[in-house]
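What's in entry03.cif: mmCIF, C-alpha atoms
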```cif
data_target
loop_
_atom_site.label_atom_id
_atom_site.label_comp_id
_atom_site.auth_asym_id
_atom_site.auth_seq_id
_atom_site.Cartn_x
_atom_site.Cartn_y
_atom_site.Cartn_z
CA MET A 1303 -3.66 -14.96 5.10
CA PRO A 1304 -1.68 -13.37 2.26
CA THR A 1305 1.81 -14.78 1.91
CA ARG A 1306 3.33 -12.18 -0.42
CA VAL A 1307 1.78 -8.91 0.79
CA PRO A 1308 4.06 -8.85 3.88
CA GLU A 1309 6.91 -8.21 1.43
CA VAL A 1310 5.50 -4.75 0.65
CA VAL A 1311 3.83 -3.63 3.90
CA ASP A 1312 6.71 -1.27 4.64
CA ASP A 1313 5.59 0.71 1.58
CA CYS A 1314 2.01 0.98 2.88
CA CYS A 1315 0.19 3.31 5.24
CA PHE A 1316 -2.68 1.62 7.09
CA TYR A 1317 -5.53 3.83 8.26
CA ARG A 1318 -8.05 2.51 10.80
CA GLY A 1319 -9.98 5.64 11.78
CA LEU A 1320 -12.41 6.12 8.90
CA LYS A 1321 -16.18 6.36 9.45
CA GLY A 1322 -18.94 6.22 6.86
CA ASP A 1323 -22.63 7.08 6.95
CA SER A 1324 -24.30 4.09 5.30
CA VAL A 1325 -24.38 0.32 5.72
CA ASN A 1326 -26.28 -0.23 2.47
CA HIS A 1327 -24.09 -1.35 -0.44
CA PRO A 1328 -25.22 1.04 -3.21
CA THR A 1329 -25.37 4.17 -1.07
CA ALA A 1330 -22.08 3.34 0.67
CA LEU A 1331 -20.39 2.69 -2.68
CA TYR A 1332 -21.71 5.95 -4.08
CA HIS A 1333 -20.46 7.75 -0.97
CA LEU A 1334 -16.99 6.22 -1.24
CA ASN A 1335 -16.68 6.77 -4.98
CA THR A 1336 -18.49 10.08 -5.48
CA GLY A 1337 -18.83 11.77 -2.08
CA ASN A 1338 -22.63 11.59 -2.31
CA GLN A 1339 -24.67 8.67 -0.94
CA PHE A 1340 -27.43 9.09 -3.48
CA GLY A 1341 -25.51 8.98 -6.75
CA GLY A 1342 -25.59 11.46 -9.58
CA ASP A 1343 -22.33 13.19 -8.64
CA PRO A 1344 -18.97 12.79 -10.40
CA ALA A 1345 -16.73 9.96 -9.27
CA LEU A 1346 -13.36 10.73 -7.72
CA GLY A 1347 -11.69 9.70 -10.98
CA ALA A 1348 -13.84 12.16 -12.92
CA TRP A 1349 -12.91 14.97 -10.53
CA ALA A 1350 -9.23 14.03 -10.87
CA SER A 1351 -9.49 14.06 -14.68
CA TYR A 1352 -11.30 17.40 -14.57
CA GLY A 1353 -8.67 18.91 -12.29
CA LEU A 1354 -5.52 17.39 -13.78
CA GLY A 1355 -6.40 16.99 -17.44
CA THR A 1356 -4.73 14.33 -19.57
CA VAL A 1357 -1.10 13.74 -20.48
CA ASN A 1358 -1.84 11.31 -23.31
CA GLN A 1359 -4.34 12.41 -25.94
CA ASN A 1360 -4.54 8.84 -27.24
CA LEU A 1361 -5.96 7.32 -24.05
CA PRO A 1362 -8.82 8.08 -21.66
CA SER A 1363 -7.66 9.88 -18.54
CA PHE A 1364 -9.95 7.71 -16.34
CA LEU A 1365 -10.07 3.95 -16.86
CA VAL A 1366 -12.04 1.35 -14.92
CA LEU A 1367 -11.10 -2.33 -14.57
CA PRO A 1368 -14.28 -4.02 -13.27
CA ASP A 1369 -14.59 -7.48 -11.82
CA VAL A 1370 -16.50 -10.18 -13.73
CA ALA A 1371 -19.66 -8.30 -12.75
CA TYR A 1372 -20.31 -4.63 -12.07
CA PRO A 1373 -20.60 -3.56 -8.41
CA GLN A 1374 -23.94 -2.61 -6.90
CA GLY A 1375 -24.95 0.75 -8.31
CA GLY A 1376 -23.24 -0.05 -11.60
CA ALA A 1377 -21.69 2.63 -13.76
CA ALA A 1378 -22.72 5.42 -11.38
CA ASN A 1379 -19.60 4.44 -9.42
CA TRP A 1380 -17.42 5.88 -12.20
CA SER A 1381 -19.84 8.43 -13.63
CA ASN A 1382 -19.03 11.96 -14.75
CA GLY A 1383 -22.17 13.10 -12.90
CA PHE A 1384 -22.79 16.75 -13.70
CA LEU A 1385 -19.30 17.24 -15.14
CA PRO A 1386 -19.02 17.15 -18.95
CA ALA A 1387 -19.39 13.58 -20.25
CA TYR A 1388 -15.76 13.62 -21.43
CA TYR A 1389 -14.67 12.99 -17.81
CA GLN A 1390 -16.61 9.77 -17.18
CA GLY A 1391 -14.66 6.59 -16.56
CA THR A 1392 -14.08 4.20 -19.46
CA PRO A 1393 -14.65 0.60 -18.31
CA LEU A 1394 -12.64 -2.24 -19.81
CA ARG A 1395 -14.49 -5.50 -20.41
CA PRO A 1396 -13.31 -8.21 -17.97
CA GLU A 1397 -13.56 -10.95 -20.60
CA GLY A 1398 -12.71 -11.00 -24.28
CA ALA A 1399 -11.58 -7.79 -25.95
CA PRO A 1400 -11.09 -5.09 -23.27
CA ILE A 1401 -12.74 -2.54 -25.57
CA LEU A 1402 -14.85 -3.58 -28.53
CA ASP A 1403 -14.01 -2.55 -32.09
CA MET A 1404 -10.43 -1.54 -31.38
CA ALA A 1405 -9.45 -2.88 -34.79
CA PRO A 1406 -10.88 -1.39 -38.00
CA PRO A 1407 -13.05 -3.63 -40.22
CA PRO A 1408 -11.22 -5.79 -42.80
CA GLY A 1409 -10.24 -3.74 -45.83
CA MET A 1410 -10.61 -0.41 -44.02
CA THR A 1411 -7.44 1.62 -44.43
CA LYS A 1412 -6.35 4.22 -41.91
CA GLU A 1413 -6.79 6.97 -44.51
CA ARG A 1414 -10.33 5.90 -45.37
CA GLN A 1415 -11.25 5.58 -41.72
CA GLN A 1416 -9.88 9.06 -41.04
CA ALA A 1417 -11.91 10.46 -43.95
CA ASN A 1418 -15.06 8.81 -42.59
CA LEU A 1419 -14.32 10.24 -39.17
CA GLY A 1420 -14.00 13.72 -40.64
CA PHE A 1421 -17.37 13.35 -42.39
CA TRP A 1422 -19.07 12.15 -39.19
CA LYS A 1423 -17.50 15.05 -37.33
CA GLU A 1424 -19.00 17.55 -39.78
CA LEU A 1425 -22.46 15.98 -39.42
CA ASN A 1426 -22.20 15.91 -35.64
CA GLN A 1427 -21.07 19.52 -35.54
CA LEU A 1428 -24.11 20.54 -37.61
CA HIS A 1429 -26.30 18.57 -35.22
CA ARG A 1430 -24.54 20.19 -32.24
CA ALA A 1431 -24.96 23.73 -33.60
CA ARG A 1432 -28.74 23.32 -33.52
CA ARG A 1433 -28.66 22.08 -29.92
CA PRO A 1434 -26.27 24.33 -27.97
CA GLU A 1435 -27.74 23.22 -24.65
CA HIS A 1436 -26.67 19.57 -25.11
CA ALA A 1437 -23.06 19.49 -23.91
CA GLU A 1438 -23.00 15.68 -24.12
CA LEU A 1439 -22.79 16.02 -27.90
CA ASP A 1440 -19.27 17.41 -27.47
CA ALA A 1441 -18.35 14.21 -25.64
CA ARG A 1442 -19.78 12.17 -28.53
CA LEU A 1443 -17.55 14.03 -30.99
CA GLU A 1444 -14.51 13.52 -28.80
CA SER A 1445 -15.31 9.83 -28.21
CA TYR A 1446 -15.12 9.04 -31.94
CA GLU A 1447 -11.78 10.80 -32.27
CA LEU A 1448 -10.39 9.22 -29.11
CA ALA A 1449 -11.48 5.75 -30.26
CA PHE A 1450 -9.59 6.27 -33.51
CA ARG A 1451 -6.43 7.30 -31.66
CA MET A 1452 -6.78 4.43 -29.18
CA GLN A 1453 -6.57 1.85 -31.98
CA ALA A 1454 -2.83 2.39 -32.15
CA GLU A 1455 -2.15 2.90 -28.44
CA MET A 1456 -4.37 0.54 -26.46
CA PRO A 1457 -3.51 -2.95 -27.84
CA GLY A 1458 0.09 -2.75 -26.67
CA ILE A 1459 -0.91 -1.71 -23.17
CA VAL A 1460 -3.87 -3.86 -22.19
CA ASP A 1461 -4.11 -7.57 -22.83
CA LEU A 1462 -6.49 -9.00 -20.26
CA GLU A 1463 -5.87 -12.52 -21.56
CA LYS A 1464 -2.36 -12.13 -20.12
CA GLU A 1465 -3.35 -9.85 -17.26
CA SER A 1466 -0.57 -9.05 -14.82
CA PRO A 1467 0.38 -6.28 -12.39
CA ALA A 1468 2.30 -4.77 -15.31
CA THR A 1469 -1.04 -3.90 -16.95
CA LEU A 1470 -1.71 -1.23 -14.34
CA ARG A 1471 1.87 0.00 -14.40
CA ARG A 1472 1.75 0.36 -18.20
CA LEU A 1473 -1.45 2.39 -17.97
CA VAL A 1474 0.19 4.73 -15.47
CA GLU A 1475 3.36 4.94 -17.56
CA LYS A 1476 1.35 5.88 -20.64
CA GLY A 1477 -0.34 8.77 -18.87
CA VAL A 1478 -3.71 7.46 -17.66
CA ARG A 1479 -4.44 9.74 -14.72
CA PHE A 1480 -6.81 7.54 -12.74
CA VAL A 1481 -7.32 3.76 -12.79
CA GLN A 1482 -10.18 2.33 -10.73
CA VAL A 1483 -9.89 -1.42 -10.08
CA ILE A 1484 -12.91 -3.25 -8.66
CA ALA A 1485 -12.41 -6.47 -6.68
CA MET A 1486 -15.71 -7.94 -5.50
CA GLY A 1487 -16.61 -10.86 -3.24
CA TRP A 1488 -15.96 -9.46 0.26
CA ASP A 1489 -19.55 -9.42 1.54
CA SER A 1490 -19.10 -12.47 3.76
CA HIS A 1491 -22.12 -12.70 6.03
CA ASP A 1492 -21.54 -16.46 6.21
CA TYR A 1493 -18.43 -18.66 6.34
CA ILE A 1494 -16.03 -15.73 6.41
CA ASP A 1495 -12.91 -17.89 6.78
CA LYS A 1496 -13.59 -19.74 3.54
CA ALA A 1497 -14.87 -16.73 1.58
CA HIS A 1498 -12.21 -14.25 2.63
CA GLY A 1499 -9.52 -16.87 2.38
CA SER A 1500 -10.16 -17.32 -1.33
CA ARG A 1501 -10.31 -13.54 -1.91
CA LEU A 1502 -7.06 -12.95 -0.03
CA ARG A 1503 -5.32 -15.59 -2.11
CA ALA A 1504 -6.68 -13.95 -5.28
CA ILE A 1505 -5.32 -10.49 -4.46
CA ASP A 1506 -2.08 -11.53 -2.77
CA LYS A 1507 0.10 -11.74 -5.86
CA PRO A 1508 -1.45 -8.82 -7.83
CA ILE A 1509 -1.10 -6.32 -4.96
CA THR A 1510 2.45 -7.36 -4.21
CA GLY A 1511 3.41 -7.42 -7.87
CA LEU A 1512 1.89 -3.99 -8.53
CA LEU A 1513 3.67 -2.25 -5.66
CA LYS A 1514 6.98 -3.93 -6.46
CA ASP A 1515 6.62 -3.09 -10.14
CA LEU A 1516 5.84 0.56 -9.43
CA LYS A 1517 8.77 0.78 -7.04
CA ARG A 1518 11.19 -0.96 -9.42
CA THR A 1519 10.33 1.43 -12.24
CA GLY A 1520 10.49 4.54 -10.04
CA LEU A 1521 6.78 5.27 -10.39
CA LEU A 1522 5.64 4.62 -6.83
CA ASP A 1523 6.65 8.04 -5.50
CA ASP A 1524 4.43 9.72 -8.09
CA THR A 1525 1.60 7.17 -8.06
CA LEU A 1526 -0.99 7.03 -5.29
CA VAL A 1527 -2.37 3.53 -4.64
CA VAL A 1528 -5.51 3.27 -2.49
CA TRP A 1529 -7.27 0.09 -1.32
CA ALA A 1530 -10.63 0.62 0.37
CA GLY A 1531 -14.11 -0.82 0.68
CA GLU A 1532 -17.46 0.89 1.13
CA PHE A 1533 -17.62 0.01 4.85
CA GLY A 1534 -16.06 -2.23 7.47
CA ARG A 1535 -17.42 -5.38 9.09
CA SER A 1536 -19.04 -5.88 12.49
CA PRO A 1537 -17.15 -7.70 15.26
CA ASP A 1538 -20.01 -10.16 15.90
CA ASN A 1539 -21.48 -13.07 13.95
CA GLY A 1540 -25.11 -12.06 14.38
CA ILE A 1541 -28.20 -13.84 13.14
CA ARG A 1542 -28.89 -14.28 9.43
CA ARG A 1543 -32.05 -15.85 7.99
CA GLY A 1544 -33.08 -16.92 11.48
CA SER A 1545 -29.91 -18.84 12.35
CA GLN A 1546 -26.40 -18.19 13.57
CA ALA A 1547 -24.22 -16.63 10.86
CA TRP A 1548 -20.54 -17.47 10.63
CA GLY A 1549 -19.57 -14.21 9.06
CA ARG A 1550 -19.72 -10.50 9.72
CA ASP A 1551 -22.32 -7.80 9.09
CA HIS A 1552 -21.87 -4.30 7.61
CA ASN A 1553 -20.27 -1.67 9.84
CA ALA A 1554 -19.71 1.97 8.85
CA ASN A 1555 -18.30 2.92 12.27
CA ALA A 1556 -14.91 1.26 11.77
CA MET A 1557 -13.48 1.33 8.26
CA SER A 1558 -9.90 0.27 7.53
CA MET A 1559 -7.92 0.90 4.37
CA TRP A 1560 -4.36 1.21 3.13
CA LEU A 1561 -2.51 3.59 0.86
CA ALA A 1562 0.93 3.48 -0.77
CA GLY A 1563 3.18 5.82 -2.73
CA GLY A 1564 2.14 9.31 -3.76
CA GLY A 1565 3.31 11.11 -0.63
CA VAL A 1566 1.76 8.95 2.12
CA LYS A 1567 3.57 7.97 5.31
CA ALA A 1568 4.93 4.53 4.41
CA GLY A 1569 5.35 1.85 7.06
CA SER A 1570 2.83 3.39 9.46
CA ILE A 1571 -0.48 2.54 11.12
CA ILE A 1572 -2.73 5.54 11.73
CA GLY A 1573 -5.88 5.41 13.84
CA ALA A 1574 -7.31 2.62 15.94
CA THR A 1575 -10.57 0.90 16.79
CA ASP A 1576 -11.96 -0.12 20.16
CA GLU A 1577 -11.03 -3.44 21.74
CA VAL A 1578 -13.52 -5.44 19.65
CA GLY A 1579 -13.00 -3.60 16.35
CA GLY A 1580 -16.51 -2.21 16.27
CA MET A 1581 -15.84 1.52 16.47
CA ALA A 1582 -13.05 3.82 15.28
CA VAL A 1583 -11.73 5.69 18.34
CA GLU A 1584 -8.43 7.30 17.30
CA ASN A 1585 -7.73 9.79 14.50
CA VAL A 1586 -11.37 9.45 13.47
CA HIS A 1587 -12.44 11.18 10.26
CA PRO A 1588 -15.52 11.09 8.01
CA LEU A 1589 -15.31 10.04 4.37
CA ARG A 1590 -15.30 13.63 3.16
CA ASP A 1591 -11.95 14.16 4.90
CA LEU A 1592 -10.55 11.15 3.04
CA HIS A 1593 -11.70 12.66 -0.25
CA VAL A 1594 -10.10 16.00 0.61
CA THR A 1595 -6.89 14.16 1.51
CA LEU A 1596 -6.79 12.13 -1.71
CA LEU A 1597 -7.27 15.27 -3.80
CA HIS A 1598 -4.51 16.95 -1.78
CA LEU A 1599 -2.15 14.06 -2.53
CA LEU A 1600 -3.02 14.46 -6.22
CA GLY A 1601 -2.08 18.13 -6.03
CA LEU A 1602 -5.68 19.40 -5.98
CA ASP A 1603 -7.55 21.54 -3.48
CA ASP A 1604 -11.10 20.42 -2.75
CA SER A 1605 -12.14 23.95 -1.81
CA LYS A 1606 -11.04 25.24 -5.22
CA LEU A 1607 -11.90 22.25 -7.43
CA ARG A 1608 -15.51 23.20 -8.08
CA TYR A 1609 -18.11 23.07 -10.83
CA LEU A 1610 -21.23 25.19 -11.17
CA HIS A 1611 -24.29 22.94 -11.24
CA ALA A 1612 -27.93 23.91 -10.73
CA GLY A 1613 -26.90 27.32 -9.45
CA ARG A 1614 -24.49 25.97 -6.85
CA GLU A 1615 -20.71 25.59 -6.78
CA LYS A 1616 -20.27 21.87 -6.12
CA GLN A 1617 -17.21 19.96 -4.91
CA LEU A 1618 -16.25 16.35 -4.18
CA SER A 1619 -16.53 16.70 -0.39
CA GLN A 1620 -19.99 18.32 -0.72
CA VAL A 1621 -19.48 20.68 2.25
CA GLY A 1622 -15.71 20.87 2.65
CA GLY A 1623 -13.41 18.92 4.92
CA GLN A 1624 -9.88 18.71 6.24
CA VAL A 1625 -6.74 16.96 5.11
CA ILE A 1626 -5.86 13.97 7.32
CA ARG A 1627 -2.33 15.18 8.01
CA GLU A 1628 -1.31 12.01 9.86
CA LEU A 1629 -1.41 10.10 6.57
CA LEU A 1630 1.08 12.40 4.85
CA ALA A 1631 4.81 11.75 4.67
#
```
File written out as C-alpha cells:
Amino acid sequence: MPTRVPEVVDDCCFYRGLKGDSVNHPTALYHLNTGNQFGGDPALGAWASYGLGTVNQNLPSFLVLPDVAYPQGGAANWSNGFLPAYYQGTPLRPEGAPILDMAPPPGMTKERQQANLGFWKELNQLHRARRPEHAELDARLESYELAFRMQAEMPGIVDLEKESPATLRRLVEKGVRFVQVIAMGWDSHDYIDKAHGSRLRAIDKPITGLLKDLKRTGLLDDTLVVWAGEFGRSPDNGIRRGSQAWGRDHNANAMSMWLAGGGVKAGSIIGATDEVGGMAVENVHPLRDLHVTLLHLLGLDDSKLRYLHAGREKQLSQVGGQVIRELLA
C-alpha cells in the first residue's frame, strides 16, 4: 500500500460510481480520453485547449507525458481528432531529450534561424494558398513558429533526467492548460499483489509530492487533478490460459477514480459498489457525465463547446450529459 498518499487524501475526492461501456483496452481508453469508443474524436485535452485557448504563446497548451511505451491505441488518446491540428497533444519523450531539436545547430544564430523561419513561412503560405481545403497546413506553419519560441522556454521547465513532481507544477505555472500523464502497468490478470505493489510504490511519492507542491504554491485551487483508468477490475480471480489466475479481469461496471483541487469536494467519498465490488450501485453515472463534469470544472459547458464536423455539431459527450453535482465543492 502507498505510505505517503495518506498524507494528502483529505485533499482528494474519491468517486466510486462510474460505469463504462467497454472492457477492451483500446476502445475503453478512447472512450475515457475522447468520449468515443472508436477513436477519431478529439481528446479531452484538445477540447480544453480549443475552449480555453493558451496563456503562454511559447508553449503548447496540451502536453502529454507518456510512460516508457505508448498506451494501447497510441497517439489517438491525445489526438485533435476533427479539431484543427493545432489542438493536438504534444508528447514529451520519456527518455533522452523530452523534445528533439530544442537547441539550434552549432553556429546557427538566433537571427539567422529567425530569417530562415520567415523564408519557410513564405513558402508554406504560398503552398497553403493553393490548397485552401487543407487546414492542417496552418498547424504546420504554427508548429515551426512554436518550436522556435519553445527553444527559450522549454529547457528551464522540463528536465526528465531530474524528473520530479515540480515538473508538472512548473508546466502549470507557465500556462500549459492541460497535462496528460500516462502511468501504465495496471493490467494485472496474474499475481496482482506483486504487480500492483510495485506500481503503487512507483506512484506513491509523485502523487503526494505533486499535490503538496500545488497546495504549497497556491495552485491547487485553480488546478484540477484527475486520476482514472479505462475501467475497473472484477472481484474474482477467474480462469486465464486454462488455469486459475491470481489477478483480476476487466470490469466496466464499477470504475473508481479520484480528483483533487479545481473545485471538487475534498475529503469525500462519493458513490459505492455492491458488497463484492463488482457493480456500481450508488451515484451511478456513465462516462459522458464525467466528461461533462470535468468540462464544467474547467469553466466550459459541454452543450455549448461544439465543433461542426461532417454536417453535425459535435461535442465531447457525444449526446449530452449531466454534471455530477455530488463531486463539486
Please compute the atom CA of Glu1413 of chain A-atom CA of Arg1451 of chain A distance, one decimal, in Å.
12.9 Å
Residue IDs satisfying the PyMOL selection byres ((chain A and resi 1377) around 10), as a short mmCIF file (atom, residue, chain, number, x, y, z; two decimals) with C-alpha atoms, in the frame of the given file:
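Now in expr.cif:
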```
data_model
loop_
_atom_site.label_atom_id
_atom_site.label_comp_id
_atom_site.auth_asym_id
_atom_site.auth_seq_id
_atom_site.Cartn_x
_atom_site.Cartn_y
_atom_site.Cartn_z
CA ALA A 1345 -16.73 9.96 -9.27
CA VAL A 1366 -12.04 1.35 -14.92
CA PRO A 1368 -14.28 -4.02 -13.27
CA TYR A 1372 -20.31 -4.63 -12.07
CA PRO A 1373 -20.60 -3.56 -8.41
CA GLN A 1374 -23.94 -2.61 -6.90
CA GLY A 1375 -24.95 0.75 -8.31
CA GLY A 1376 -23.24 -0.05 -11.60
CA ALA A 1378 -22.72 5.42 -11.38
CA ASN A 1379 -19.60 4.44 -9.42
CA TRP A 1380 -17.42 5.88 -12.20
CA SER A 1381 -19.84 8.43 -13.63
CA ASN A 1382 -19.03 11.96 -14.75
CA GLN A 1390 -16.61 9.77 -17.18
CA GLY A 1391 -14.66 6.59 -16.56
CA THR A 1392 -14.08 4.20 -19.46
CA PRO A 1393 -14.65 0.60 -18.31
#
```
For Pro1308 of chain A, list every protein, DNA or RNA residue within 12 Å, evaluated using only C-alpha atoms, and leave out those in the same chain fewer than 2 positions away; present the list as a compact mmCIF listing (two decimals) with C-alpha atoms, in the frame of the given file.
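Now in result.txt:
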```
# COMPACT_ATOMS: atom_id res chain seq x y z
CA MET A 1303 -3.66 -14.96 5.10
CA PRO A 1304 -1.68 -13.37 2.26
CA THR A 1305 1.81 -14.78 1.91
CA ARG A 1306 3.33 -12.18 -0.42
CA VAL A 1310 5.50 -4.75 0.65
CA VAL A 1311 3.83 -3.63 3.90
CA ASP A 1312 6.71 -1.27 4.64
CA ASP A 1313 5.59 0.71 1.58
CA CYS A 1314 2.01 0.98 2.88
CA ASP A 1506 -2.08 -11.53 -2.77
CA LYS A 1507 0.10 -11.74 -5.86
CA ILE A 1509 -1.10 -6.32 -4.96
CA THR A 1510 2.45 -7.36 -4.21
CA GLY A 1511 3.41 -7.42 -7.87
CA LEU A 1513 3.67 -2.25 -5.66
CA LYS A 1514 6.98 -3.93 -6.46
CA GLY A 1569 5.35 1.85 7.06
```
Polymer residues at most 12 Å from (-27.1, 14.3, -23.6) by only C-alpha atoms, as a count of residues only:
17
Suppose you want the space between atom CA of Leu1561 of chain A and atom CA of Thr1356 of chain A; what is it in Å?
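These two atoms are separated by 23.2 Å.
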Near-Pro1362 of chain A list (8 Å; only C-alpha atoms; drop same-chain fewer than 2 positions) as an mmCIF file with C-alpha atoms, in the coordinates of the input:
```
data_model
loop_
_atom_site.group_PDB
_atom_site.id
_atom_site.type_symbol
_atom_site.label_atom_id
_atom_site.label_comp_id
_atom_site.auth_asym_id
_atom_site.auth_seq_id
_atom_site.Cartn_x
_atom_site.Cartn_y
_atom_site.Cartn_z
ATOM 1 C CA THR A 1356 -4.730 14.330 -19.570
ATOM 2 C CA ASN A 1358 -1.840 11.310 -23.310
ATOM 3 C CA GLN A 1359 -4.340 12.410 -25.940
ATOM 4 C CA ASN A 1360 -4.540 8.840 -27.240
ATOM 5 C CA PHE A 1364 -9.950 7.710 -16.340
ATOM 6 C CA LEU A 1365 -10.070 3.950 -16.860
ATOM 7 C CA GLY A 1391 -14.660 6.590 -16.560
ATOM 8 C CA THR A 1392 -14.080 4.200 -19.460
ATOM 9 C CA LEU A 1448 -10.390 9.220 -29.110
ATOM 10 C CA VAL A 1478 -3.710 7.460 -17.660
#
```
Counting all atoms listed in the file, the residue of A:Leu1425, A:Leu1320, A:Val1370, A:Val1566 that sits nearest Ala1485 of chain A:
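That would be A:Val1370, the residue with the smallest distance to Ala1485 of chain A.
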Expected selection from the PyMOL selection byres ((chain A and resi 1553) around 9), given as an NGL selection string
:A and (1322 or 1324-1325 or 1533-1537 or 1550-1552 or 1554-1557 or 1580-1581)
For atom CA of Val1483 of chain A and atom CA of Tyr1609 of chain A, determine how far apart the two atoms are, in Å to one decimal place.
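Atom CA of Tyr1609 of chain A lies at a distance of 25.8 Å from atom CA of Val1483 of chain A.
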Counting only C-alpha atoms, what are the residues of segment 1319-1352 of chain A within 8 Å of segment 1585-1589 of chain A, and for each of them which pair of atoms is the nearest and at what distance in Å, to one decimal? Sort the table by chain and rising number, as a Markdown table.
```
| residue | atom | partner | partner_atom | distance |
| --- | --- | --- | --- | --- |
| A:Gly1319 | CA | A:Val1586 | CA | 4.4 |
| A:Leu1320 | CA | A:His1587 | CA | 5.2 |
| A:Lys1321 | CA | A:Pro1588 | CA | 5.0 |
| A:Gly1322 | CA | A:Leu1589 | CA | 5.8 |
| A:His1333 | CA | A:Leu1589 | CA | 7.8 |
| A:Leu1334 | CA | A:Leu1589 | CA | 7.0 |
| A:Gly1337 | CA | A:Leu1589 | CA | 7.5 |
```
Ranking A:Gln1416, A:Thr1575, A:Ser1363, A:Gln1339 by minimum distance to Lys1476 of chain A and counting only C-alpha atoms, which one comes first?
A:Ser1363
